[in-house]
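Right, one structure below, let's go through it.
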Amino acid sequence: MKAKPVMTREVIYVGPHQPLSMAYRSMVLWKVRHMPVVERGKLVGILSDRDVLIHATRKTDEIFVPAMTVDDAMTASPITLAPDGTVSRAAELMLEYKIDALPIVSGEKLVGLVTSSDLLVLLIGNNERVDEVKLPFSFKLREAEA
């Protein structure tokens with residue numbers, strides 16, 4: 001099975017020069033653990049909640065993110081997969097590199113994201129039905145807002 005039917009197509013992304021605190025607020029708001037980092041339409045990195053929390057401090061119930069930019073905390077040049085790559089290959093890469101999100105790229109352009117949650121949904125769902133699911137006709141990137 002190809003990765004394209006299981007990938008997330010509405011991907012929230014962030015720019016590399018945006019404040020890390022803004023990116024973290026967007027992660028919390030959108031309830032995502034990974035945000036691709038895109039500059040001029042090109043995937044340049046990926047930011048995980050763990051990348052943010054490594055730099056953050058916690059006081060009581062609040063998390064304080066230092067004044068730094070996304071590119072200071074992101075993983076540059078992330079492992080990727082093409083849209084025609086298989087779900088099996090996505091899982092292999094995620095296991096091999098111990099990552100939970102795999103950007104799907106066509107050339108250098110981000111076209112989707114496969115996460116460990118996407119693979120778990122596939123695993124617990126009816127595999128035969130995946131090909132019958134009506135998929136969105138368009139891909140949409142939404143930039144995280146301040």
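Ordering of the structure tokens sets the chain letters (A, B, ...); residue numbers start at 1 within each chain; ligands are numbered from 1 in the order shown.
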Exercise for review: Name the residues of stretch 1-138 of chain A that fall into strand (DSSP E) according to DSSP on the backbone, using the chain letters and numbers of this document, as a ChimeraX atom specification.
Suggested key: /A:10-13,34-39,42-48,57-59,62-64,75-76,101-106,109-115
Output the selection as a PDB file, in the first residue's frame - C-alpha atoms for each residue.
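Everything below was put into part.pdb:
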ATOM      1  CA  GLU A  10      -3.842  19.246   5.812  1.00  0.00           C
ATOM      2  CA  VAL A  11      -0.483  19.963   7.395  1.00  0.00           C
ATOM      3  CA  ILE A  12       0.168  22.834   9.783  1.00  0.00           C
ATOM      4  CA  TYR A  13       3.662  24.184   9.153  1.00  0.00           C
ATOM      5  CA  HIS A  34       5.151  17.673  14.765  1.00  0.00           C
ATOM      6  CA  MET A  35       5.311  20.661  12.459  1.00  0.00           C
ATOM      7  CA  PRO A  36       7.217  20.681   9.194  1.00  0.00           C
ATOM      8  CA  VAL A  37       9.385  23.766   8.762  1.00  0.00           C
ATOM      9  CA  VAL A  38       8.892  25.315   5.325  1.00  0.00           C
ATOM     10  CA  GLU A  39      10.719  28.227   3.727  1.00  0.00           C
ATOM     11  CA  LYS A  42      10.696  24.091   0.427  1.00  0.00           C
ATOM     12  CA  LEU A  43      10.847  21.680   3.373  1.00  0.00           C
ATOM     13  CA  VAL A  44      13.876  22.704   5.449  1.00  0.00           C
ATOM     14  CA  GLY A  45      13.226  20.894   8.718  1.00  0.00           C
ATOM     15  CA  ILE A  46      10.787  19.422  11.182  1.00  0.00           C
ATOM     16  CA  LEU A  47       9.960  20.575  14.700  1.00  0.00           C
ATOM     17  CA  SER A  48       8.616  18.188  17.312  1.00  0.00           C
ATOM     18  CA  THR A  57      11.596  25.244  31.426  1.00  0.00           C
ATOM     19  CA  ARG A  58       8.638  24.375  33.578  1.00  0.00           C
ATOM     20  CA  LYS A  59       7.405  26.349  36.550  1.00  0.00           C
ATOM     21  CA  GLU A  62       3.352  26.537  32.947  1.00  0.00           C
ATOM     22  CA  ILE A  63       5.928  25.813  30.256  1.00  0.00           C
ATOM     23  CA  PHE A  64       8.235  28.697  29.376  1.00  0.00           C
ATOM     24  CA  THR A  75      15.799  18.990  12.992  1.00  0.00           C
ATOM     25  CA  ALA A  76      17.242  20.212   9.703  1.00  0.00           C
ATOM     26  CA  ALA A 101       6.674  11.835  11.778  1.00  0.00           C
ATOM     27  CA  LEU A 102       7.783  11.446   8.197  1.00  0.00           C
ATOM     28  CA  PRO A 103       7.302  14.335   5.753  1.00  0.00           C
ATOM     29  CA  ILE A 104       6.064  13.232   2.330  1.00  0.00           C
ATOM     30  CA  VAL A 105       7.776  15.280  -0.360  1.00  0.00           C
ATOM     31  CA  SER A 106       7.643  15.575  -4.108  1.00  0.00           C
ATOM     32  CA  LYS A 109       7.918  20.378  -1.890  1.00  0.00           C
ATOM     33  CA  LEU A 110       5.973  19.128   1.130  1.00  0.00           C
ATOM     34  CA  VAL A 111       2.806  17.274   0.063  1.00  0.00           C
ATOM     35  CA  GLY A 112       1.853  15.439   3.268  1.00  0.00           C
ATOM     36  CA  LEU A 113       2.942  13.954   6.560  1.00  0.00           C
ATOM     37  CA  VAL A 114       2.769  10.393   7.880  1.00  0.00           C
ATOM     38  CA  THR A 115       2.843  10.085  11.655  1.00  0.00           C
TER      39      THR A 115
END
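Closest approach to A:Arg25 among A:Gly125, A:Glu145, A:Ala56, A:Asp71: A:Glu145, based on only C-alpha atoms.
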Practice item. Rounded to one decimal place, report the atom CA of A:Val6-atom CA of A:Gly41 distance in Å. Key: 22.4 Å
**Study point:** Secondary structure check, helix (DSSP H, G or I) residues of stretch 51-131 of chain A, as a VMD selection string
**Key:** chain A and resid 51 to 55 70 to 73 87 to 97 116 to 124 127 to 131
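Each of A:Asp72, A:Asp51, A:Asp84, A:Asp61 was compared to A:Gln18 using only C-alpha atoms, and A:Asp72 turns out to be the nearest.
The nearest approach to A:Pro66 among the residues A:Ser88, A:Leu119, A:Lys98, A:Ser21, with only C-alpha atoms taken into account, belongs to A:Ser21.
Residue nearest A:Arg50, chosen from A:Ile79, A:Glu92, A:Thr8, A:Asp100 and counting only C-alpha atoms: A:Asp100.
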Review point. How far is it from atom CA of A:Asp49 to atom CA of A:Val121, in Å with one decimal?
Key: 20.8 Å
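Between atom CA of A:Leu95 and atom CA of A:Ile124 the interatomic distance comes to 18.7 Å.
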Extract, using only C-alpha atoms, all DNA, RNA and protein residues at most 6 Å from A:Leu20, discarding same-chain residues fewer than 6 positions from it, and format them as a PDB file with C-alpha atoms, in the first residue's frame.
ATOM      1  CA  MET A  68      14.776  31.704  20.123  1.00  0.00           C
ATOM      2  CA  THR A  69      13.684  30.865  16.605  1.00  0.00           C
ATOM      3  CA  VAL A  70      12.375  27.610  15.184  1.00  0.00           C
TER       4      VAL A  70
END
